[in-house]
file my_file.pdb (PDB, C-alpha atoms and all ligand atoms)
MODEL        1
ATOM      1  CA  MET A   1    -119.253  93.449 -63.332
ATOM      2  CA  ILE A   2    -117.358  94.016 -66.557
ATOM      3  CA  ASP A   3    -119.676  96.890 -67.452
ATOM      4  CA  GLN A   4    -119.016  98.432 -64.083
ATOM      5  CA  LEU A   5    -115.270  98.096 -64.564
ATOM      6  CA  SER A   6    -115.297  99.645 -68.007
ATOM      7  CA  ARG A   7    -117.482 102.478 -66.775
ATOM      8  CA  ARG A   8    -115.091 103.149 -63.908
ATOM      9  CA  LEU A   9    -112.107 103.053 -66.249
ATOM     10  CA  PHE A  10    -113.899 105.356 -68.634
ATOM     11  CA  ILE A  11    -114.689 107.917 -65.959
ATOM     12  CA  LYS A  12    -111.165 107.761 -64.544
ATOM     13  CA  SER A  13    -109.621 108.162 -67.983
ATOM     14  CA  SER A  14    -111.910 110.963 -69.120
ATOM     15  CA  VAL A  15    -110.640 113.015 -66.237
ATOM     16  CA  PHE A  16    -107.114 111.827 -66.949
ATOM     17  CA  ALA A  17    -107.348 112.571 -70.693
ATOM     18  CA  ALA A  18    -108.507 116.116 -70.058
ATOM     19  CA  GLY A  19    -105.561 116.712 -67.718
ATOM     20  CA  ALA A  20    -103.120 115.016 -70.057
ATOM     21  CA  ALA A  21    -104.118 117.110 -73.024
ATOM     22  CA  ALA A  22    -103.713 120.286 -71.041
ATOM     23  CA  LEU A  23    -100.403 119.490 -69.355
ATOM     24  CA  GLY A  24     -98.502 116.858 -71.303
ATOM     25  CA  ILE A  25     -97.503 113.928 -69.131
ATOM     26  CA  VAL A  26     -94.017 114.256 -67.747
ATOM     27  CA  GLU A  27     -94.759 113.009 -64.271
ATOM     28  CA  LEU A  28     -97.251 110.259 -63.534
ATOM     29  CA  THR A  29     -99.539 110.800 -60.600
ATOM     30  CA  TYR A  30    -100.851 107.945 -58.540
ATOM     31  CA  ALA A  31    -104.169 107.025 -57.056
ATOM     32  CA  THR A  32    -102.236 105.177 -54.361
ATOM     33  CA  GLN A  33     -98.897 106.533 -53.247
ATOM     34  CA  GLY A  34     -96.305 103.865 -52.632
ATOM     35  CA  ASP A  35     -92.685 102.917 -53.031
ATOM     36  CA  SER A  36     -93.259 101.267 -56.379
ATOM     37  CA  CYS A  37     -95.054 101.811 -59.654
ATOM     38  CA  ARG A  38     -96.733  99.372 -61.991
ATOM     39  CA  TRP A  39     -96.243  99.217 -65.734
ATOM     40  CA  ALA A  40     -97.824  97.059 -68.404
ATOM     41  CA  LEU A  41     -95.036  96.338 -70.884
ATOM     42  CA  LEU A  42     -96.032  95.347 -74.417
ATOM     43  CA  SER A  43     -93.882  94.907 -77.504
ATOM     44  CA  ASP A  44     -94.099  94.027 -81.178
ATOM     45  CA  THR A  45     -97.862  94.385 -81.448
ATOM     46  CA  HIS A  46     -97.641  94.371 -85.293
ATOM     47  CA  ILE A  47    -101.177  95.731 -85.619
ATOM     48  CA  PRO A  48    -102.424  95.472 -89.234
ATOM     49  CA  ALA A  49    -104.868  97.690 -91.138
ATOM     50  CA  ASP A  50    -106.707  94.507 -92.168
ATOM     51  CA  LYS A  51    -108.134  93.166 -88.938
ATOM     52  CA  THR A  52    -108.571  89.673 -90.392
ATOM     53  CA  GLU A  53    -104.853  89.293 -91.158
ATOM     54  CA  LYS A  54    -103.021  86.369 -89.575
ATOM     55  CA  TYR A  55     -99.327  85.581 -89.459
ATOM     56  CA  ARG A  56     -97.697  82.324 -88.408
ATOM     57  CA  GLY A  57    -101.177  81.164 -87.361
ATOM     58  CA  TYR A  58    -101.722  84.097 -84.999
ATOM     59  CA  SER A  59    -104.276  86.882 -85.261
ATOM     60  CA  MET A  60    -102.610  90.072 -84.060
ATOM     61  CA  ILE A  61    -106.056  91.621 -83.523
ATOM     62  CA  ASP A  62    -107.478  88.680 -81.527
ATOM     63  CA  ASN A  63    -104.339  88.846 -79.389
ATOM     64  CA  MET A  64    -104.765  92.575 -78.701
ATOM     65  CA  ASP A  65    -108.426  91.949 -77.874
ATOM     66  CA  ASN A  66    -107.127  89.462 -75.307
ATOM     67  CA  VAL A  67    -104.318  91.681 -73.983
ATOM     68  CA  VAL A  68    -106.269  94.912 -73.446
ATOM     69  CA  PRO A  69    -108.729  93.561 -70.809
ATOM     70  CA  GLY A  70    -105.816  91.866 -69.003
ATOM     71  CA  VAL A  71    -103.940  95.159 -68.878
ATOM     72  CA  ALA A  72    -107.076  96.927 -67.611
ATOM     73  CA  VAL A  73    -107.502  94.430 -64.770
ATOM     74  CA  SER A  74    -103.832  94.833 -63.760
ATOM     75  CA  LYS A  75    -104.412  98.586 -63.166
ATOM     76  CA  PRO A  76    -100.971  99.838 -64.230
ATOM     77  CA  ASP A  77     -99.749 103.387 -63.685
ATOM     78  CA  GLY A  78     -98.303 103.470 -67.193
ATOM     79  CA  ILE A  79     -98.248 101.361 -70.355
ATOM     80  CA  GLY A  80     -95.172 101.002 -72.569
ATOM     81  CA  ILE A  81     -94.941  99.540 -76.074
ATOM     82  CA  THR A  82     -91.391  98.916 -77.308
ATOM     83  CA  GLY A  83     -91.854  99.176 -81.050
ATOM     84  CA  ASP A  84     -93.015  97.360 -84.125
ATOM     85  CA  ILE A  85     -96.365  98.790 -83.211
ATOM     86  CA  ALA A  86     -97.583  98.613 -86.829
ATOM     87  CA  ARG A  87     -97.673  95.449 -88.900
ATOM     88  CA  LEU A  88     -94.873  95.782 -91.498
ATOM     89  CA  SER A  89     -94.278  99.186 -93.044
ATOM     90  CA  GLY A  90     -96.082 101.579 -90.694
ATOM     91  CA  LYS A  91     -98.816 102.563 -93.132
ATOM     92  CA  SER A  92    -101.271 105.302 -92.146
ATOM     93  CA  GLU A  93    -104.056 102.679 -92.317
ATOM     94  CA  ASP A  94    -102.175 100.501 -89.821
ATOM     95  CA  TYR A  95    -101.936 103.407 -87.395
ATOM     96  CA  LEU A  96    -105.711 104.001 -87.633
ATOM     97  CA  VAL A  97    -106.174 100.549 -86.067
ATOM     98  CA  VAL A  98    -103.215 101.084 -83.714
ATOM     99  CA  LYS A  99    -104.956 104.245 -82.532
ATOM    100  CA  GLU A 100    -108.131 102.293 -81.726
ATOM    101  CA  TYR A 101    -106.086 100.126 -79.365
ATOM    102  CA  VAL A 102    -103.988 102.958 -77.938
ATOM    103  CA  ASP A 103    -107.219 104.847 -77.230
ATOM    104  CA  LYS A 104    -108.577 101.801 -75.376
ATOM    105  CA  LEU A 105    -105.344 101.442 -73.408
ATOM    106  CA  THR A 106    -105.297 105.173 -72.640
ATOM    107  CA  LEU A 107    -108.574 104.623 -70.795
ATOM    108  CA  VAL A 108    -106.508 102.494 -68.407
ATOM    109  CA  ALA A 109    -103.257 104.501 -68.122
ATOM    110  CA  PRO A 110    -101.075 106.792 -70.275
ATOM    111  CA  VAL A 111     -99.384 104.963 -73.165
ATOM    112  CA  PHE A 112     -95.718 105.514 -74.095
ATOM    113  CA  MET A 113     -94.264 104.170 -77.322
ATOM    114  CA  ALA A 114     -90.861 103.484 -78.861
ATOM    115  CA  LEU A 115     -90.575 103.052 -82.637
ATOM    116  CA  GLY A 116     -89.322  99.841 -84.247
ATOM    117  CA  ASN A 117     -88.210  98.811 -87.707
ATOM    118  CA  HIS A 118     -91.793  98.184 -88.824
ATOM    119  CA  ASP A 119     -92.893 101.666 -87.778
ATOM    120  CA  HIS A 120     -92.853 104.836 -89.864
ATOM    121  CA  PHE A 121     -91.774 108.106 -88.259
ATOM    122  CA  LYS A 122     -94.011 110.473 -90.249
ATOM    123  CA  ASN A 123     -97.097 108.255 -90.275
ATOM    124  CA  PHE A 124     -96.710 107.568 -86.549
ATOM    125  CA  ASN A 125     -96.414 111.263 -85.752
ATOM    126  CA  ALA A 126     -99.409 112.053 -87.955
ATOM    127  CA  ALA A 127    -101.482 109.487 -86.049
ATOM    128  CA  PHE A 128    -100.134 110.530 -82.648
ATOM    129  CA  PRO A 129     -99.314 114.248 -82.840
ATOM    130  CA  SER A 130     -99.166 114.510 -79.061
ATOM    131  CA  THR A 131     -98.067 111.368 -77.264
ATOM    132  CA  SER A 132     -97.415 111.009 -73.563
ATOM    133  CA  GLY A 133     -94.047 111.920 -72.102
ATOM    134  CA  GLU A 134     -91.648 114.842 -72.122
ATOM    135  CA  LYS A 135     -90.434 114.972 -75.720
ATOM    136  CA  ALA A 136     -86.689 115.245 -76.232
ATOM    137  CA  GLN A 137     -85.395 117.517 -78.976
ATOM    138  CA  VAL A 138     -83.707 114.961 -81.209
ATOM    139  CA  LYS A 139     -84.447 115.722 -84.861
ATOM    140  CA  GLY A 140     -86.250 112.945 -86.719
ATOM    141  CA  LYS A 141     -86.515 110.762 -83.602
ATOM    142  CA  HIS A 142     -89.367 110.090 -81.205
ATOM    143  CA  VAL A 143     -87.787 110.182 -77.745
ATOM    144  CA  THR A 144     -89.813 110.642 -74.572
ATOM    145  CA  VAL A 145     -89.104 110.744 -70.853
ATOM    146  CA  VAL A 146     -91.486 110.059 -67.980
ATOM    147  CA  ASN A 147     -90.986 110.174 -64.235
ATOM    148  CA  SER A 148     -92.926 107.385 -62.595
ATOM    149  CA  GLY A 149     -92.698 107.463 -58.806
ATOM    150  CA  PRO A 150     -89.360 105.914 -57.781
ATOM    151  CA  VAL A 151     -88.044 105.500 -61.348
ATOM    152  CA  ARG A 152     -87.593 107.373 -64.615
ATOM    153  CA  LEU A 153     -88.326 105.735 -67.959
ATOM    154  CA  ILE A 154     -86.758 106.937 -71.211
ATOM    155  CA  PHE A 155     -88.249 105.664 -74.475
ATOM    156  CA  LEU A 156     -85.617 105.765 -77.228
ATOM    157  CA  ASP A 157     -86.027 105.491 -81.000
ATOM    158  CA  SER A 158     -83.967 102.851 -82.844
ATOM    159  CA  LEU A 159     -85.936 103.001 -86.111
ATOM    160  CA  GLN A 160     -83.389 103.479 -88.888
ATOM    161  CA  ILE A 161     -85.171 102.557 -92.135
ATOM    162  CA  THR A 162     -88.784 101.333 -92.184
ATOM    163  CA  ASN A 163     -89.096  97.628 -92.974
ATOM    164  CA  TYR A 164     -85.322  97.097 -92.812
ATOM    165  CA  VAL A 165     -84.473  94.771 -89.928
ATOM    166  CA  ALA A 166     -81.450  96.469 -88.323
ATOM    167  CA  GLY A 167     -81.771  99.542 -86.097
ATOM    168  CA  ARG A 168     -79.669 102.484 -85.012
ATOM    169  CA  LEU A 169     -80.011 105.180 -82.383
ATOM    170  CA  GLY A 170     -77.665 107.516 -84.239
ATOM    171  CA  GLN A 171     -75.131 110.021 -83.000
ATOM    172  CA  ALA A 172     -77.582 112.841 -82.277
ATOM    173  CA  GLN A 173     -79.680 110.636 -80.015
ATOM    174  CA  ARG A 174     -76.635 109.119 -78.290
ATOM    175  CA  ASN A 175     -75.287 112.642 -77.649
ATOM    176  CA  TRP A 176     -78.649 113.759 -76.309
ATOM    177  CA  LEU A 177     -78.753 110.723 -74.001
ATOM    178  CA  GLN A 178     -75.226 111.375 -72.776
ATOM    179  CA  LYS A 179     -76.086 114.982 -71.933
ATOM    180  CA  TYR A 180     -79.434 114.066 -70.397
ATOM    181  CA  LEU A 181     -77.970 111.399 -68.118
ATOM    182  CA  THR A 182     -75.130 113.724 -67.072
ATOM    183  CA  LYS A 183     -77.388 116.575 -66.024
ATOM    184  CA  SER A 184     -80.348 114.620 -64.618
ATOM    185  CA  ASP A 185     -80.695 113.662 -60.968
ATOM    186  CA  LYS A 186     -79.700 110.179 -59.832
ATOM    187  CA  LYS A 187     -83.161 108.608 -59.862
ATOM    188  CA  PRO A 188     -83.023 104.955 -61.030
ATOM    189  CA  THR A 189     -83.522 105.063 -64.787
ATOM    190  CA  ILE A 190     -84.835 102.436 -67.184
ATOM    191  CA  LEU A 191     -84.198 102.739 -70.918
ATOM    192  CA  LEU A 192     -86.685 101.266 -73.379
ATOM    193  CA  LEU A 193     -86.122 100.757 -77.083
ATOM    194  CA  HIS A 194     -87.066  98.328 -79.826
ATOM    195  CA  HIS A 195     -83.876  96.687 -81.053
ATOM    196  CA  SER A 196     -81.898  93.790 -79.627
ATOM    197  CA  PHE A 197     -78.136  93.580 -79.056
ATOM    198  CA  GLY A 198     -75.392  91.143 -79.858
ATOM    199  CA  GLY A 199     -73.805  92.369 -83.061
ATOM    200  CA  GLY A 200     -76.055  90.509 -85.520
ATOM    201  CA  ASP A 201     -77.073  91.999 -88.867
ATOM    202  CA  GLY A 202     -80.592  92.612 -87.557
ATOM    203  CA  ASP A 203     -79.624  94.010 -84.149
ATOM    204  CA  LEU A 204     -78.958  97.541 -82.949
ATOM    205  CA  GLN A 205     -75.991  98.601 -85.085
ATOM    206  CA  ASP A 206     -74.569 101.144 -82.614
ATOM    207  CA  ASP A 207     -75.032  98.956 -79.530
ATOM    208  CA  LEU A 208     -71.423  99.225 -78.339
ATOM    209  CA  ARG A 209     -71.487 103.027 -78.545
ATOM    210  CA  PHE A 210     -74.866 102.979 -76.756
ATOM    211  CA  PHE A 211     -73.471 100.859 -73.896
ATOM    212  CA  LYS A 212     -70.380 103.082 -73.749
ATOM    213  CA  VAL A 213     -72.675 106.058 -73.158
ATOM    214  CA  ILE A 214     -74.879 104.443 -70.514
ATOM    215  CA  GLN A 215     -72.566 102.117 -68.564
ATOM    216  CA  PRO A 216     -70.778 104.889 -66.583
ATOM    217  CA  HIS A 217     -74.153 106.261 -65.423
ATOM    218  CA  ARG A 218     -74.804 103.985 -62.469
ATOM    219  CA  ASN A 219     -78.384 105.197 -62.144
ATOM    220  CA  VAL A 220     -79.212 103.463 -65.432
ATOM    221  CA  LYS A 221     -80.448 100.157 -64.052
ATOM    222  CA  ALA A 222     -81.969  98.264 -66.968
ATOM    223  CA  VAL A 223     -82.603  98.262 -70.689
ATOM    224  CA  ILE A 224     -85.935  96.883 -71.881
ATOM    225  CA  TYR A 225     -86.355  95.932 -75.547
ATOM    226  CA  GLY A 226     -88.311  93.794 -78.013
ATOM    227  CA  HIS A 227     -87.587  92.864 -81.664
ATOM    228  CA  SER A 228     -86.730  89.179 -81.157
ATOM    229  CA  HIS A 229     -90.210  88.064 -80.014
ATOM    230  CA  CYS A 230     -88.406  86.112 -77.265
ATOM    231  CA  TYR A 231     -88.923  86.547 -73.514
ATOM    232  CA  ARG A 232     -85.562  86.407 -71.774
ATOM    233  CA  PHE A 233     -83.251  88.070 -69.295
ATOM    234  CA  SER A 234     -79.547  88.757 -69.630
ATOM    235  CA  LYS A 235     -76.855  91.210 -68.579
ATOM    236  CA  GLN A 236     -74.379  93.562 -70.201
ATOM    237  CA  ASP A 237     -71.745  93.540 -67.458
ATOM    238  CA  ASP A 238     -73.925  94.348 -64.413
ATOM    239  CA  LEU A 239     -76.673  96.120 -66.365
ATOM    240  CA  ASP A 240     -79.928  94.151 -66.636
ATOM    241  CA  LEU A 241     -81.338  93.519 -70.113
ATOM    242  CA  ILE A 242     -84.982  92.507 -70.350
ATOM    243  CA  ASN A 243     -86.293  91.190 -73.666
ATOM    244  CA  LEU A 244     -90.093  91.487 -73.829
ATOM    245  CA  PRO A 245     -92.315  88.938 -75.567
ATOM    246  CA  SER A 246     -94.410  89.975 -78.564
ATOM    247  CA  THR A 247     -98.173  90.307 -78.218
ATOM    248  CA  ALA A 248     -98.499  89.262 -81.873
ATOM    249  CA  TYR A 249     -96.645  86.030 -82.689
ATOM    250  CA  VAL A 250     -93.455  84.053 -82.093
ATOM    251  CA  PHE A 251     -90.728  82.897 -84.463
ATOM    252  CA  ASN A 252     -89.795  80.111 -82.054
ATOM    253  CA  ASN A 253     -92.553  78.079 -80.372
ATOM    254  CA  LYS A 254     -90.622  77.741 -77.112
ATOM    255  CA  PHE A 255     -91.401  81.412 -76.341
ATOM    256  CA  PRO A 256     -94.693  82.885 -75.137
ATOM    257  CA  VAL A 257     -96.891  85.435 -76.863
ATOM    258  CA  GLY A 258     -98.030  88.005 -74.324
ATOM    259  CA  TRP A 259     -96.983  90.941 -72.200
ATOM    260  CA  VAL A 260     -95.327  91.689 -68.856
ATOM    261  CA  ASP A 261     -96.907  93.120 -65.717
ATOM    262  CA  ALA A 262     -93.966  94.981 -64.150
ATOM    263  CA  GLU A 263     -93.487  96.566 -60.757
ATOM    264  CA  PHE A 264     -90.547  98.969 -60.423
ATOM    265  CA  SER A 265     -89.052 100.279 -57.198
ATOM    266  CA  ALA A 266     -85.879 102.161 -56.308
ATOM    267  CA  THR A 267     -84.115  98.856 -55.648
ATOM    268  CA  GLY A 268     -85.379  96.535 -58.353
ATOM    269  CA  ALA A 269     -88.155  95.081 -60.446
ATOM    270  CA  SER A 270     -90.669  92.294 -60.256
ATOM    271  CA  LEU A 271     -91.849  91.082 -63.649
ATOM    272  CA  LYS A 272     -94.853  88.835 -64.106
ATOM    273  CA  LEU A 273     -95.322  87.114 -67.467
ATOM    274  CA  ARG A 274     -98.835  87.300 -68.885
ATOM    275  CA  ALA A 275     -98.724  84.634 -71.593
ATOM    276  CA  ILE A 276    -101.789  84.525 -73.852
ATOM    277  CA  ALA A 277    -100.557  82.164 -76.589
ATOM    278  CA  GLY A 278     -97.451  80.391 -77.846
ATOM    279  CA  ASN A 279     -95.720  78.556 -74.994
ATOM    280  CA  LYS A 280     -97.893  79.341 -71.963
ATOM    281  CA  ALA A 281     -96.012  77.084 -69.537
ATOM    282  CA  ASP A 282     -94.596  80.083 -67.655
ATOM    283  CA  GLU A 283     -97.844  82.084 -67.509
ATOM    284  CA  GLY A 284     -97.869  84.002 -64.218
ATOM    285  CA  LYS A 285     -94.174  83.377 -63.539
ATOM    286  CA  VAL A 286     -92.584  86.219 -61.567
ATOM    287  CA  THR A 287     -88.946  87.159 -62.165
ATOM    288  CA  LYS A 288     -87.307  89.425 -59.592
ATOM    289  CA  ILE A 289     -84.383  91.679 -60.388
ATOM    290  CA  LYS A 290     -82.222  93.649 -57.984
ATOM    291  CA  TRP A 291     -80.811  96.774 -59.621
ATOM    292  CA  ARG A 292     -77.046  97.200 -59.862
ATOM    293  CA  SER A 293     -75.650  99.647 -57.295
TER     294      SER A 293
HETATM  295 ZN    ZN A 301     -91.526  92.465 -84.308
ENDMDL
END
call {"tool": "encode", "arguments": {"input": "my_file.pdb", "output": "structure tokens"}}
result
Amino acid sequence: MIDQLSRRLFIKSSVFAAGAAALGIVELTYATQGDSCRWALLSDTHIPADKTEKYRGYSMIDNMDNVVPGVAVSKPDGIGITGDIARLSGKSEDYLVVKEYVDKLTLVAPVFMALGNHDHFKNFNAAFPSTSGEKAQVKGKHVTVVNSGPVRLIFLDSLQITNYVAGRLGQAQRNWLQKYLTKSDKKPTILLLHHSFGGGDGDLQDDLRFFKVIQPHRNVKAVIYGHSHCYRFSKQDDLDLINLPSTAYVFNNKFPVGWVDAEFSATGASLKLRAIAGNKADEGKVTKIKWRS
């Protein structure tokens, strides 16, 4: 049964990979056409070069080995990882192991990534010279856009200095976003980035300027982020903020380790927690969100 599934995934993805390499993925295509799309949302994978490494009692590798089959079974249209993909300082050796997992996930669906404070711009780009998504021209930043059925996802880059906790989008990226949102059509748009908000020393340092850019664009419906290793929902005025759990470990045992099986439509989102460790009490819990109008 499992062999059959992996063979099917392999065949599907071989065809997909050939097409992806030739075209670059800017628009996802669907086996089944519907009013919604499915995304597997992962964050803070912290994948180490040394596969035996543990942190806070968790094996980041064992966790990924647990997450990948779950993602495959969920059959998403796309897979997003919101930063801190590599363990601590984004070493080339870390990205060799990251690539093993991204290759496995790519057999399931195209993978889109945002960089976090434990990633390294040059080493990431060396490991992934052509990643999925329409690449935005923002110098020194990895910014990608993908149209996914009823919604558009924009992966932003808040990496400021590798292995320094705080993040920043920077003026060039904020200006690009402002222009992009102004000229794009009104399709519901979801922004994804690594850093958290709230004005703390370790948060996104230009969060207020970021919200000033996006709030007037009513088609921006939600911001999805990681960094805190907490799973929680909040709002910035009427804009939904979704904080993804880490697949690697928690700092606070009340939160789960895991990922989120998300369904997006033109009117909202349905998010199912897939807890694999930490606090698993809410495993399978579905949270529904209605987009702001
Ligand atoms: Zn992290």
call {"tool": "closest_residue", "arguments": {"input": "my_file.pdb", "among": "A:Ala72, A:Ala126, A:Val165, A:Ile190", "to": "ligand ZN 301 (chain A)", "atoms": "all atoms listed in the file"}}
result
A:Val165
call {"tool": "axis_aligned_box", "arguments": {"input": "my_file.pdb", "around": "segment 75-92 of chain A", "padding_each_side": "3 Å", "output": "AutoDock Vina command-line options"}}
result
--center_x -97.9 --center_y 100.4 --center_z -78.1 --size_x 19.0 --size_y 15.9 --size_z 36.0
call {"tool": "closest_atom_pairs", "arguments": {"input": "my_file.pdb", "of": "chain A", "to": "ligand ZN 301 (chain A)", "cutoff": "8 Å", "atoms": "all atoms listed in the file", "output": "Markdown table"}}
result
| residue | atom | partner | partner_atom | distance |
| --- | --- | --- | --- | --- |
| A:Ser43 | CA | A:ZN301 | ZN | 7.6 |
| A:Asp44 | CA | A:ZN301 | ZN | 4.3 |
| A:Thr45 | CA | A:ZN301 | ZN | 7.2 |
| A:His46 | CA | A:ZN301 | ZN | 6.5 |
| A:Gly83 | CA | A:ZN301 | ZN | 7.5 |
| A:Asp84 | CA | A:ZN301 | ZN | 5.1 |
| A:Gly116 | CA | A:ZN301 | ZN | 7.7 |
| A:Asn117 | CA | A:ZN301 | ZN | 7.9 |
| A:His118 | CA | A:ZN301 | ZN | 7.3 |
| A:Gly226 | CA | A:ZN301 | ZN | 7.2 |
| A:His227 | CA | A:ZN301 | ZN | 4.8 |
| A:Ser228 | CA | A:ZN301 | ZN | 6.6 |
| A:His229 | CA | A:ZN301 | ZN | 6.3 |
| A:Ser246 | CA | A:ZN301 | ZN | 6.9 |
call {"tool": "resolve_selection", "arguments": {"input": "my_file.pdb", "expression": "the PyMOL selection byres (((chain A and resi 151) around 10) and not hetatm)", "output": "PyMOL selection string"}}
result
chain A and resi 35-37+146-150+152-153+186-190+219-221+264-268
call {"tool": "atom_distance", "arguments": {"input": "my_file.pdb", "atom1": "atom CA of Ile81 of chain A", "atom2": "atom CA of Leu42 of chain A"}}
result
4.6 Å
call {"tool": "atom_distance", "arguments": {"input": "my_file.pdb", "atom1": "atom CA of Lys272 of chain A", "atom2": "atom CA of Gly133 of chain A"}}
result
24.4 Å
call {"tool": "residues_near_point", "arguments": {"input": "my_file.pdb", "point": "(-76.8, 101.5, -76.4)", "cutoff": "10 Å", "atoms": "all atoms listed in the file", "output": "PyMOL selection string"}}
result
chain A and resi 156+158+168-170+174+177+191+193+195-197+204-215+223
call {"tool": "closest_residue", "arguments": {"input": "my_file.pdb", "among": "A:Asn66, A:Ser132, A:Ser92, A:Asn253", "to": "Leu28 of chain A", "atoms": "only C-alpha atoms"}}
result
A:Ser132
call {"tool": "residues_around", "arguments": {"input": "my_file.pdb", "residues": "Ser270 of chain A", "least_positions_apart": "2", "cutoff": "10 Å", "atoms": "all atoms listed in the file", "output": "VMD selection string"}}
result
chain A and resid 38 260 to 265 268 272 286 to 290
call {"tool": "atom_distance", "arguments": {"input": "my_file.pdb", "atom1": "atom CA of His120 of chain A", "atom2": "atom CA of Ala136 of chain A"}}
result
18.2 Å
call {"tool": "residues_near_point", "arguments": {"input": "my_file.pdb", "point": "(-97.6, 106.6, -75.4)", "cutoff": "8 Å", "atoms": "all atoms listed in the file", "output": "PyMOL selection string"}}
result
chain A and resi 79-81+102+110-113+131-133
call {"tool": "closest_residue", "arguments": {"input": "my_file.pdb", "among": "A:Gly198, A:Ala109, A:Ser89, A:Trp259", "to": "Gly70 of chain A", "atoms": "only C-alpha atoms"}}
result
A:Trp259
call {"tool": "resolve_selection", "arguments": {"input": "my_file.pdb", "expression": "the PyMOL selection byres (((chain A and resi 121) around 9) and not hetatm)", "output": "PyMOL selection string"}}
result
chain A and resi 90+115+119-120+122-126+140-142+159+162
call {"tool": "resolve_selection", "arguments": {"input": "my_file.pdb", "expression": "the PyMOL selection byres (((chain A and resi 245) around 6) and not hetatm)", "output": "PDB file with C-alpha atoms, in the frame of the given file"}}
result
ATOM      1  CA  HIS A 229     -90.210  88.064 -80.014  1.00  0.00           C
ATOM      2  CA  CYS A 230     -88.406  86.112 -77.265  1.00  0.00           C
ATOM      3  CA  TYR A 231     -88.923  86.547 -73.514  1.00  0.00           C
ATOM      4  CA  LEU A 244     -90.093  91.487 -73.829  1.00  0.00           C
ATOM      5  CA  SER A 246     -94.410  89.975 -78.564  1.00  0.00           C
ATOM      6  CA  VAL A 257     -96.891  85.435 -76.863  1.00  0.00           C
ATOM      7  CA  GLY A 258     -98.030  88.005 -74.324  1.00  0.00           C
TER       8      GLY A 258
END
call {"tool": "closest_residue", "arguments": {"input": "my_file.pdb", "among": "A:Leu88, A:Val143, A:Met64, A:Leu96", "to": "Tyr164 of chain A", "atoms": "only C-alpha atoms"}}
result
A:Leu88
call {"tool": "closest_residue", "arguments": {"input": "my_file.pdb", "among": "A:Ala248, A:Leu41, A:Ile154, A:Val68", "to": "Gly278 of chain A", "atoms": "all atoms listed in the file"}}
result
A:Ala248
call {"tool": "closest_residue", "arguments": {"input": "my_file.pdb", "among": "A:Thr52, A:Asn175, A:Gln137, A:Thr82", "to": "Ile242 of chain A", "atoms": "only C-alpha atoms"}}
result
A:Thr82
